$ cat entry.cif   # mmCIF, C-alpha atoms
data_data
#
loop_
_atom_site.label_atom_id
_atom_site.label_comp_id
_atom_site.auth_asym_id
_atom_site.auth_seq_id
_atom_site.Cartn_x
_atom_site.Cartn_y
_atom_site.Cartn_z
CA MET R 1 -8.62 26.23 16.70
CA SER R 2 -11.00 25.26 13.91
CA MET R 3 -8.00 24.16 11.81
CA ALA R 4 -7.10 21.81 14.66
CA LEU R 5 -10.62 20.36 14.52
CA LEU R 6 -10.39 19.86 10.76
CA ILE R 7 -7.06 18.07 11.13
CA LEU R 8 -8.49 15.91 13.90
CA GLY R 9 -11.46 15.00 11.70
CA MET R 10 -9.21 14.13 8.79
CA GLY R 11 -7.01 12.03 11.06
CA LEU R 12 -10.03 10.14 12.35
CA CYS R 13 -11.36 9.50 8.83
CA SER R 14 -7.95 8.25 7.78
CA PHE R 15 -7.62 6.01 10.83
CA LEU R 16 -11.05 4.39 11.11
CA PRO R 17 -11.04 2.42 7.82
CA ARG R 18 -7.67 0.91 8.80
CA TYR R 19 -8.64 0.09 12.34
CA LEU R 20 -12.33 -0.85 12.53
CA PRO R 21 -12.11 -4.23 10.73
CA LEU R 22 -9.22 -5.22 13.00
CA ALA R 23 -11.15 -4.24 16.10
CA LEU R 24 -14.55 -5.67 15.20
CA PHE R 25 -14.03 -8.83 13.18
CA ALA R 26 -10.65 -10.28 14.05
CA ASP R 27 -12.05 -12.63 16.67
CA ARG R 28 -14.55 -14.35 14.33
CA GLU R 29 -14.07 -16.99 11.67
CA MET R 30 -14.27 -15.79 8.09
CA PRO R 31 -16.60 -17.50 5.58
CA PRO R 32 -14.67 -19.43 2.85
CA LEU R 33 -15.95 -17.20 0.02
CA ALA R 34 -14.70 -14.08 1.81
CA GLU R 35 -11.37 -15.77 2.37
CA THR R 36 -11.06 -16.62 -1.33
CA LEU R 37 -11.98 -13.06 -2.34
CA LEU R 38 -9.48 -11.58 0.09
CA ARG R 39 -6.72 -13.81 -1.25
CA TYR R 40 -7.02 -12.13 -4.65
CA THR R 41 -7.46 -8.60 -3.31
CA PRO R 42 -3.78 -7.67 -2.67
CA PRO R 43 -2.63 -8.37 -6.25
CA ALA R 44 -5.75 -6.59 -7.52
CA VAL R 45 -5.02 -3.48 -5.41
CA LEU R 46 -1.38 -3.50 -6.50
CA ALA R 47 -2.46 -3.72 -10.13
CA ALA R 48 -4.95 -0.88 -9.62
CA LEU R 49 -2.18 1.32 -8.19
CA VAL R 50 0.42 0.36 -10.77
CA PHE R 51 -1.46 0.44 -14.09
CA PRO R 52 -2.29 4.18 -14.08
CA ALA R 53 1.16 5.05 -12.68
CA VAL R 54 2.79 3.30 -15.62
CA LEU R 55 0.34 3.79 -18.49
CA ALA R 56 -0.73 7.37 -17.74
CA PRO R 57 2.00 8.84 -15.50
CA SER R 58 1.19 12.49 -16.19
CA GLY R 59 -2.43 11.97 -15.22
CA ASP R 60 -3.71 13.03 -18.63
CA GLY R 61 -4.13 10.49 -21.41
CA VAL R 62 -2.73 6.98 -21.84
CA GLU R 63 0.89 7.14 -23.02
CA LEU R 64 1.51 3.83 -24.73
CA THR R 65 4.81 4.96 -26.29
CA LEU R 66 8.50 4.11 -26.09
CA THR R 67 9.18 7.65 -24.89
CA ASN R 68 7.26 6.99 -21.67
CA PRO R 69 9.99 6.03 -19.15
CA TYR R 70 7.37 4.82 -16.64
CA LEU R 71 6.16 2.26 -19.18
CA ILE R 72 9.72 1.13 -20.02
CA GLY R 73 10.78 0.97 -16.37
CA GLY R 74 7.58 -0.81 -15.39
CA ALA R 75 7.86 -3.38 -18.18
CA VAL R 76 11.51 -4.10 -17.34
CA THR R 77 10.70 -4.46 -13.62
CA PHE R 78 7.88 -6.88 -14.39
CA ALA R 79 9.94 -8.97 -16.83
CA VAL R 80 12.89 -9.24 -14.43
CA GLY R 81 10.51 -10.07 -11.58
CA LEU R 82 9.11 -13.03 -13.51
CA VAL R 83 12.62 -14.47 -13.87
CA SER R 84 14.40 -13.50 -10.66
CA LYS R 85 12.63 -13.71 -7.34
CA ARG R 86 15.02 -11.35 -5.56
CA PHE R 87 12.99 -8.31 -4.60
CA LEU R 88 15.75 -5.72 -4.24
CA LEU R 89 17.53 -6.83 -7.39
CA VAL R 90 14.32 -6.69 -9.42
CA THR R 91 13.46 -3.24 -8.08
CA ALA R 92 16.97 -1.86 -8.63
CA VAL R 93 17.10 -3.08 -12.25
CA GLY R 94 13.66 -1.56 -12.89
CA ILE R 95 14.60 1.81 -11.41
CA ALA R 96 17.85 1.81 -13.41
CA ALA R 97 15.87 1.10 -16.60
CA PHE R 98 13.50 3.96 -15.73
CA TYR R 99 16.24 6.55 -15.26
CA LEU R 100 18.17 5.29 -18.27
CA SER R 101 15.16 5.67 -20.56
CA ARG R 102 14.38 9.08 -19.01
CA TRP R 103 17.89 10.18 -19.79
CA LEU R 104 17.72 8.79 -23.34
CA VAL R 105 14.41 10.53 -23.99
CA GLY R 106 15.90 13.73 -22.62
CA MET T 1 -4.84 -21.74 11.50
CA THR T 2 -2.14 -19.18 10.89
CA THR T 3 0.50 -21.49 12.31
CA THR T 4 -0.18 -24.48 10.06
CA ASN T 5 2.70 -23.78 7.71
CA THR T 6 5.20 -22.63 10.31
CA PRO T 7 8.67 -24.01 9.66
CA GLN T 8 9.41 -26.24 12.66
CA ALA T 9 13.13 -25.70 13.10
CA VAL T 10 13.05 -21.91 13.17
CA THR T 11 13.54 -20.29 16.56
CA PRO T 12 10.93 -17.57 17.02
CA LEU T 13 12.31 -14.05 16.95
CA THR T 14 12.24 -12.09 20.20
CA PRO T 15 10.12 -8.93 20.27
CA GLY T 16 13.22 -6.79 19.80
CA GLN T 17 14.46 -8.83 16.85
CA GLN T 18 11.00 -8.73 15.30
CA TYR T 19 10.90 -4.93 15.69
CA LEU T 20 14.25 -4.66 13.90
CA ALA T 21 13.12 -7.08 11.19
CA GLY T 22 10.08 -4.87 10.56
CA ALA T 23 12.16 -1.71 10.42
CA ARG T 24 14.72 -3.35 8.14
CA SER T 25 12.01 -4.48 5.71
CA MET T 26 11.07 -0.83 5.14
CA VAL T 27 14.56 0.51 4.41
CA PRO T 28 14.21 0.24 0.58
CA PHE T 29 11.03 2.32 0.74
CA LEU T 30 12.91 5.21 2.37
CA ALA T 31 14.26 6.04 -1.09
CA SER T 32 10.81 7.37 -1.92
CA ALA T 33 9.61 8.37 1.54
CA ILE T 34 12.44 10.85 2.17
CA PRO T 35 11.97 13.05 -0.95
CA MET T 36 8.18 12.77 -0.82
CA GLY T 37 8.13 13.71 2.89
CA ILE T 38 10.29 16.77 2.23
CA ALA T 39 8.06 17.71 -0.70
CA GLY T 40 5.05 17.44 1.64
CA GLY T 41 6.59 19.90 4.09
CA VAL T 42 7.24 22.41 1.32
CA LEU T 43 3.79 21.92 -0.16
CA GLY T 44 2.01 22.46 3.18
CA LEU T 45 3.53 25.89 3.73
CA SER T 46 3.10 26.95 0.12
CA SER T 47 -0.58 25.91 0.35
CA GLY T 48 -0.98 28.56 3.03
CA LEU T 49 -1.03 26.31 6.11
CA SER T 50 0.90 27.26 9.23
CA GLY T 51 3.89 25.17 10.26
CA TRP T 52 1.92 23.50 13.04
CA ALA T 53 -0.99 22.72 10.75
CA THR T 54 1.34 21.25 8.11
CA LEU T 55 3.10 18.96 10.56
CA GLY T 56 -0.10 18.22 12.48
CA LEU T 57 -1.97 17.16 9.36
CA ALA T 58 0.90 14.92 8.27
CA MET T 59 1.04 13.31 11.72
CA ALA T 60 -2.73 12.87 12.01
CA VAL T 61 -3.50 11.29 8.65
CA ASN T 62 -0.27 9.23 8.21
CA SER T 63 -0.98 8.89 4.50
CA GLY T 64 0.87 10.71 1.76
CA THR T 65 -2.18 10.69 -0.49
CA ALA T 66 -4.57 12.11 2.11
CA GLN T 67 -1.97 14.70 3.11
CA PHE T 68 -1.25 15.98 -0.41
CA VAL T 69 -4.92 16.02 -1.42
CA GLY T 70 -5.75 17.69 1.90
CA PHE T 71 -3.25 20.52 1.34
CA ALA T 72 -4.66 21.13 -2.13
CA LEU T 73 -8.27 21.18 -0.90
CA ILE T 74 -7.50 23.49 2.04
CA ALA T 75 -5.57 25.83 -0.27
CA GLY T 76 -8.53 25.84 -2.66
CA GLY T 77 -10.89 26.87 0.12
CA THR T 78 -12.95 23.67 -0.15
CA ASP T 79 -15.82 23.19 2.27
CA TRP T 80 -14.56 21.34 5.35
CA ALA T 81 -17.21 18.68 5.29
CA ALA T 82 -16.12 17.87 1.73
CA ILE T 83 -12.46 17.69 2.83
CA ILE T 84 -13.28 15.22 5.60
CA LEU T 85 -15.48 13.13 3.29
CA THR T 86 -12.69 13.05 0.69
CA THR T 87 -10.24 11.81 3.33
CA LEU T 88 -12.66 9.05 4.24
CA ILE T 89 -13.10 7.94 0.61
CA LEU T 90 -9.33 8.00 0.06
CA GLY T 91 -9.08 5.63 3.03
CA LEU T 92 -11.37 3.00 1.52
CA ARG T 93 -8.38 1.14 0.13
CA MET T 94 -7.14 0.77 3.71
CA LEU T 95 -10.41 -0.90 4.59
CA LEU T 96 -9.37 -3.72 2.26
CA TYR T 97 -5.95 -3.95 3.89
CA SER T 98 -7.21 -4.30 7.42
CA THR T 99 -9.92 -6.75 6.34
CA ILE T 100 -7.29 -8.96 4.70
CA LEU T 101 -5.19 -8.89 7.86
CA ILE T 102 -8.06 -10.11 10.05
CA PRO T 103 -7.25 -13.85 9.97
CA TYR T 104 -3.63 -13.18 10.88
CA ILE T 105 -4.02 -10.93 13.89
CA LYS T 106 -6.37 -12.96 16.07
CA GLU T 107 -3.78 -13.26 18.84
CA VAL T 108 -2.80 -9.59 18.74
CA PRO T 109 -4.35 -7.79 21.75
CA GLN T 110 -6.91 -5.03 21.13
CA ARG T 111 -4.69 -2.17 22.32
CA TRP T 112 -1.98 -3.24 19.86
CA ARG T 113 -4.51 -3.31 17.05
CA VAL T 114 -4.99 0.45 17.50
CA LEU T 115 -1.31 1.06 16.77
CA LEU T 116 -1.29 -1.56 14.03
CA GLY T 117 -4.24 0.12 12.33
CA PHE T 118 -2.79 3.61 12.67
CA GLY T 119 0.51 2.56 11.09
CA LEU T 120 -1.04 0.51 8.30
CA ILE T 121 0.06 2.03 5.00
CA ASP T 122 0.60 0.52 1.53
CA GLU T 123 4.24 -0.46 2.03
CA VAL T 124 3.76 -1.98 5.48
CA PHE T 125 0.70 -3.93 4.38
CA PHE T 126 2.19 -5.49 1.25
CA VAL T 127 5.45 -6.52 2.92
CA ALA T 128 3.68 -7.89 5.99
CA ILE T 129 0.96 -9.82 4.16
CA GLU T 130 3.55 -11.60 2.03
CA ARG T 131 5.49 -12.73 5.10
CA LEU T 132 2.33 -13.71 6.95
CA ARG T 133 1.15 -15.85 4.02
CA LYS T 134 4.52 -17.56 3.60
CA GLY T 135 4.55 -18.36 7.32
CA GLU T 136 7.69 -16.28 7.84
CA LEU T 137 6.01 -14.03 10.38
CA THR T 138 4.45 -16.06 13.16
CA HIS T 139 5.59 -14.70 16.53
CA ASN T 140 5.42 -11.19 17.99
CA LYS T 141 3.72 -9.98 14.81
CA HIS T 142 2.73 -6.71 16.45
CA MET T 143 6.42 -5.87 16.94
CA PHE T 144 7.11 -6.42 13.23
CA PHE T 145 4.30 -4.03 12.37
CA LEU T 146 5.50 -1.54 14.97
CA GLY T 147 9.05 -1.63 13.62
CA ALA T 148 7.95 -1.18 10.02
CA SER T 149 5.37 1.53 10.72
CA SER T 150 7.45 3.53 13.17
CA LEU T 151 10.48 3.72 10.89
CA LEU T 152 8.39 5.13 8.04
CA TYR T 153 6.35 7.38 10.35
CA VAL T 154 9.35 8.96 12.09
CA THR T 155 11.21 9.37 8.79
CA TRP T 156 8.19 10.98 7.13
CA MET T 157 7.63 13.46 9.97
CA LEU T 158 11.33 14.39 10.16
CA CYS T 159 11.36 14.94 6.41
CA THR T 160 8.18 17.02 6.63
CA ALA T 161 9.91 19.22 9.21
CA ILE T 162 13.03 19.42 7.03
CA GLY T 163 10.90 20.40 4.03
CA MET T 164 9.19 23.09 6.11
CA SER T 165 12.47 24.59 7.33
CA LEU T 166 14.02 24.54 3.88
CA GLY T 167 10.86 25.97 2.36
CA SER T 168 11.25 27.43 -1.08
CA ALA T 169 14.97 26.55 -1.10
CA VAL T 170 13.90 23.01 -2.05
CA PRO T 171 13.81 22.60 -5.83
CA ASP T 172 10.51 21.42 -7.29
CA VAL T 173 10.85 17.64 -7.13
CA ARG T 174 7.81 16.98 -9.28
CA GLY T 175 8.88 15.83 -12.72
CA LEU T 176 12.08 14.22 -11.43
CA GLY T 177 10.47 10.78 -11.41
CA LEU T 178 10.87 10.28 -7.65
CA ASP T 179 7.49 8.56 -7.60
CA PHE T 180 8.80 5.69 -9.71
CA PRO T 181 10.73 3.70 -7.04
CA VAL T 182 7.51 2.90 -5.15
CA THR T 183 5.82 1.90 -8.41
CA ALA T 184 8.80 -0.34 -9.23
CA MET T 185 8.56 -2.02 -5.83
CA PHE T 186 4.85 -2.65 -6.30
CA ILE T 187 5.48 -4.11 -9.77
CA ALA T 188 8.26 -6.31 -8.38
CA MET T 189 5.85 -7.63 -5.74
CA LEU T 190 3.26 -8.32 -8.43
CA ALA T 191 5.69 -10.18 -10.68
CA ILE T 192 7.33 -12.17 -7.87
CA GLY T 193 3.96 -13.07 -6.36
CA LEU T 194 2.47 -14.15 -9.69
CA ALA T 195 1.83 -17.72 -8.62
CA ASN T 196 -0.73 -18.94 -11.20
CA TRP T 197 -3.10 -17.93 -14.01
CA ARG T 198 -5.89 -17.06 -11.57
CA VAL T 199 -3.75 -14.33 -9.98
CA ALA T 200 -2.84 -13.14 -13.48
CA ALA T 201 -6.55 -12.93 -14.35
CA ALA T 202 -7.21 -10.90 -11.19
CA ILE T 203 -4.35 -8.53 -12.06
CA CYS T 204 -5.53 -8.04 -15.67
CA ALA T 205 -9.14 -7.48 -14.62
CA ALA T 206 -8.12 -4.91 -12.00
CA GLY T 207 -5.76 -3.19 -14.46
CA VAL T 208 -8.37 -2.89 -17.20
CA THR T 209 -11.01 -1.70 -14.72
CA VAL T 210 -8.82 1.00 -13.19
CA MET T 211 -7.91 2.34 -16.62
CA LEU T 212 -11.55 2.45 -17.72
CA ALA T 213 -12.60 4.05 -14.42
CA ARG T 214 -9.93 6.76 -14.41
CA ASP T 215 -12.51 9.52 -14.56
CA LEU T 216 -14.11 8.50 -11.27
CA PRO T 217 -13.32 11.04 -8.53
CA TYR T 218 -11.42 10.46 -5.26
CA ASN T 219 -9.45 7.40 -6.44
CA LEU T 220 -12.71 5.42 -6.37
CA GLY T 221 -11.49 3.66 -9.51
CA VAL T 222 -8.80 1.93 -7.42
CA VAL T 223 -11.36 0.53 -5.01
CA LEU T 224 -13.69 -0.54 -7.81
CA ALA T 225 -10.79 -2.20 -9.66
CA ALA T 226 -9.70 -4.03 -6.52
CA VAL T 227 -13.20 -5.44 -6.08
CA VAL T 228 -13.48 -6.47 -9.76
CA GLY T 229 -10.02 -8.08 -9.68
CA ALA T 230 -10.78 -10.03 -6.52
CA VAL T 231 -14.12 -11.26 -7.90
CA VAL T 232 -12.49 -12.38 -11.16
CA GLY T 233 -9.71 -14.19 -9.28
CA ALA T 234 -12.15 -15.94 -6.99
CA ALA T 235 -14.44 -16.83 -9.90
CA CYS T 236 -11.49 -18.41 -11.73
CA GLU T 237 -10.66 -20.42 -8.64
CA TYR T 238 -14.22 -21.74 -8.37
CA ALA T 239 -14.31 -22.50 -12.10
CA ALA T 240 -11.03 -24.42 -11.83
CA LYS T 241 -12.32 -26.44 -8.87
CA THR T 242 -15.56 -27.33 -10.61
CA ARG T 243 -13.68 -28.45 -13.70
CA THR T 244 -11.31 -30.65 -11.70
CA LYS T 245 -14.31 -32.34 -10.09
CA GLU T 246 -15.93 -32.98 -13.49
CA ILE T 247 -12.76 -34.52 -14.88
CA ALA T 248 -12.43 -36.75 -11.82
CA ARG T 249 -15.95 -38.03 -12.27
#
$ encode --input "entry.cif" --output "structure tokens"
Amino acid sequence: MSMALLILGMGLCSFLPRYLPLALFADREMPPLAETLLRYTPPAVLAALVFPAVLAPSGDGVELTLTNPYLIGGAVTFAVGLVSKRFLLVTAVGIAAFYLSRWLVG
Amino acid sequence: MTTTNTPQAVTPLTPGQQYLAGARSMVPFLASAIPMGIAGGVLGLSSGLSGWATLGLAMAVNSGTAQFVGFALIAGGTDWAAIILTTLILGLRMLLYSTILIPYIKEVPQRWRVLLGFGLIDEVFFVAIERLRKGELTHNKHMFFLGASSLLYVTWMLCTAIGMSLGSAVPDVRGLGLDFPVTAMFIAMLAIGLANWRVAAAICAAGVTVMLARDLPYNLGVVLAAVVGAVVGAACEYAAKTRTKEIAR
């Protein structure tokens, strides 16, 4: 019973941050400064998710080495993405580079 | 204002077509969702939760991060108030997502916003916001979101159940690099969406911040980095505008 309450509480805390802005503010105009800030937020969040995943994949220290497949795979994905604009192709090449360098490192 | 850059000749998709388009846009992400979902099912049971609690928690939070952290905290006997607070802090990133969506969902009815909010996860947000900005998603938006969210949700829950029934028969997937595909997709989005030097500045600022703030608890570094990156990007935009005005003078 109390486990059910805990799960319910966690569900609510996970749901409210995603829902409340949509419910409360979507019918108002947004000030221009907020709009500018929000335009740069998605790339900033992506960067914040990606940098640690690539530079420190094991969660310990920064691994700025050629034996870090996450770094190799990430760098290849980024480089290909700057040239080609085809999402699936870019991703597939990056994942292939990741597994290849993993296999080479052993 | 969201319809200003709508291509004129395009026939709007019907609700059903839009649902399918949403679901189809999530198919690449299944490569990560399937193994991670199965791993979640295994992890729940091995953390000492019952089958119902494992599946219930996965269904209630609809977030891999909150689910995995939750299992670990429950297994560690953490105080329940602390567990709930942690879940809330982990959700702060989502606060950014829904705030960014605000200008695009004005015509979506309130009851649909509940579903839209519940299904809003990283993958759905980043795919949807790109299409919304490009003007590729203009009609029956709620059906696109529903299609995308429901495909990932149903897949994740099925995989959780599969992981639970397989139990310890599932090999330990950690260390196999199954987390990389999602990272690769995020990097691809970053590189493809790199429109100008201001976006690059925002990305660099966020990257440096998140690395410096890695010791902050509860992923707070991600939120802090997002804020710093957005401020730097916006500041660059204002600086560029001011300079253009001065040159014109």
$ atom_distance --input "entry.cif" --atom1 "atom CA of Val50 of chain R" --atom2 "atom CA of Pro217 of chain T"
17.5 Å
$ resolve_selection --input "entry.cif" --expression "the PyMOL selection byres ((chain R and resi 9) around 12)" --output "list in words"
Ser2, Met3, Ala4, Leu5, Leu6, Ile7, Leu8, Met10, Gly11, Leu12, Cys13, Ser14, Phe15 and Leu16 of chain R; Gly56, Leu57, Ala60, Val61, Gly70, Trp80, Ala81, Ala82, Ile83, Ile84, Leu85, Thr86, Thr87 and Leu88 of chain T
$ interface_residues --input "entry.cif" --of "chain R" --to "chain T" --cutoff "6 Å" --atoms "only C-alpha atoms" --output "ChimeraX atom specification"
/R:7,10-11,13-15,17-19,21-22,26-27,36-38,40-41,44-45,47-48,51,78,81-82,85,91
$ residues_around --input "entry.cif" --residues "His139 of chain T" --least-positions-apart "5" --cutoff "9 Å" --atoms "all atoms listed in the file" --output "ChimeraX atom specification"
/T:12-15,18
$ atom_distance --input "entry.cif" --atom1 "atom CA of Ile162 of chain T" --atom2 "atom CA of Ile38 of chain T"
6.1 Å
$ atom_distance --input "entry.cif" --atom1 "atom CA of Tyr99 of chain R" --atom2 "atom CA of Thr77 of chain R"
12.4 Å
$ closest_residue --input "entry.cif" --among "T:Gly51, T:Gly167, T:Leu146, T:Cys236" --to "Arg24 of chain T" --atoms "all atoms listed in the file"
T:Leu146
$ resolve_selection --input "entry.cif" --expression "the PyMOL selection byres ((chain T and resi 41) around 9)" --output "ChimeraX atom specification"
/T:36-40,42-46,51,54-55,58,157,159-167
$ resolve_selection --input "entry.cif" --expression "the PyMOL selection byres ((chain R and resi 93) around 10)" --output "list in words"
Gly73, Val76, Thr77, Val80, Gly81, Leu88, Leu89, Val90, Thr91, Ala92, Gly94, Ile95, Ala96, Ala97 and Phe98 of chain R; Ala184 of chain T
$ residues_around --input "entry.cif" --residues "Gly147 of chain T" --least-positions-apart "4" --cutoff "8 Å" --atoms "all atoms listed in the file" --output "list in words"
Gln18, Tyr19, Leu20, Ala21, Gly22, Ala23, Met143 and Leu151 of chain T
$ closest_residue --input "entry.cif" --among "T:Ala213, T:Lys241, T:Arg131, T:Phe68" --to "Pro52 of chain R" --atoms "only C-alpha atoms"
T:Ala213
$ decode --input "entry.cif" --residues "segment 33-53 of chain R" --atoms "N, CA and C atoms" --output "CSV table (one decimal), in the first residue's frame"
chain,number,residue,atom,x,y,z
R,33,LEU,N,12.4,38.5,-24.9
R,33,LEU,CA,13.6,38.0,-24.2
R,33,LEU,C,13.5,36.5,-23.9
R,34,ALA,N,12.3,36.2,-23.4
R,34,ALA,CA,12.1,34.8,-23.0
R,34,ALA,C,12.1,33.9,-24.3
R,35,GLU,N,11.6,34.4,-25.4
R,35,GLU,CA,11.5,33.7,-26.6
R,35,GLU,C,13.0,33.5,-27.1
R,36,THR,N,13.8,34.5,-27.0
R,36,THR,CA,15.2,34.4,-27.5
R,36,THR,C,15.9,33.3,-26.6
R,37,LEU,N,15.7,33.4,-25.3
R,37,LEU,CA,16.4,32.5,-24.4
R,37,LEU,C,16.0,31.0,-24.7
R,38,LEU,N,14.7,30.9,-25.0
R,38,LEU,CA,14.1,29.5,-25.2
R,38,LEU,C,14.6,29.0,-26.6
R,39,ARG,N,14.9,29.9,-27.5
R,39,ARG,CA,15.4,29.4,-28.8
R,39,ARG,C,16.8,28.7,-28.6
R,40,TYR,N,17.6,29.2,-27.7
R,40,TYR,CA,18.9,28.6,-27.5
R,40,TYR,C,18.9,27.5,-26.4
R,41,THR,N,17.8,27.2,-25.8
R,41,THR,CA,17.8,26.2,-24.7
R,41,THR,C,17.9,24.8,-25.3
R,42,PRO,N,17.2,24.4,-26.4
R,42,PRO,CA,17.3,23.0,-26.8
R,42,PRO,C,18.8,22.6,-27.2
R,43,PRO,N,19.5,23.4,-28.0
R,43,PRO,CA,20.9,23.0,-28.2
R,43,PRO,C,21.7,22.9,-26.9
R,44,ALA,N,21.4,23.9,-26.0
R,44,ALA,CA,22.2,23.9,-24.7
R,44,ALA,C,21.9,22.6,-23.9
R,45,VAL,N,20.6,22.2,-23.9
R,45,VAL,CA,20.3,20.9,-23.1
R,45,VAL,C,21.0,19.7,-23.8
R,46,LEU,N,20.9,19.7,-25.1
R,46,LEU,CA,21.5,18.6,-25.8
R,46,LEU,C,23.0,18.5,-25.5
R,47,ALA,N,23.7,19.7,-25.6
R,47,ALA,CA,25.1,19.7,-25.2
R,47,ALA,C,25.3,19.2,-23.8
R,48,ALA,N,24.5,19.7,-22.9
R,48,ALA,CA,24.7,19.3,-21.5
R,48,ALA,C,24.5,17.8,-21.3
R,49,LEU,N,23.6,17.1,-22.1
R,49,LEU,CA,23.5,15.7,-22.0
R,49,LEU,C,24.6,14.9,-22.7
R,50,VAL,N,25.1,15.5,-23.8
R,50,VAL,CA,26.1,14.8,-24.6
R,50,VAL,C,27.5,14.9,-24.1
R,51,PHE,N,27.9,16.1,-23.6
R,51,PHE,CA,29.3,16.3,-23.2
R,51,PHE,C,29.8,15.2,-22.2
R,52,PRO,N,29.1,15.1,-21.1
R,52,PRO,CA,29.5,14.1,-20.1
R,52,PRO,C,29.5,12.7,-20.7
R,53,ALA,N,28.4,12.4,-21.5
R,53,ALA,CA,28.3,11.0,-22.0
R,53,ALA,C,29.5,10.6,-22.9
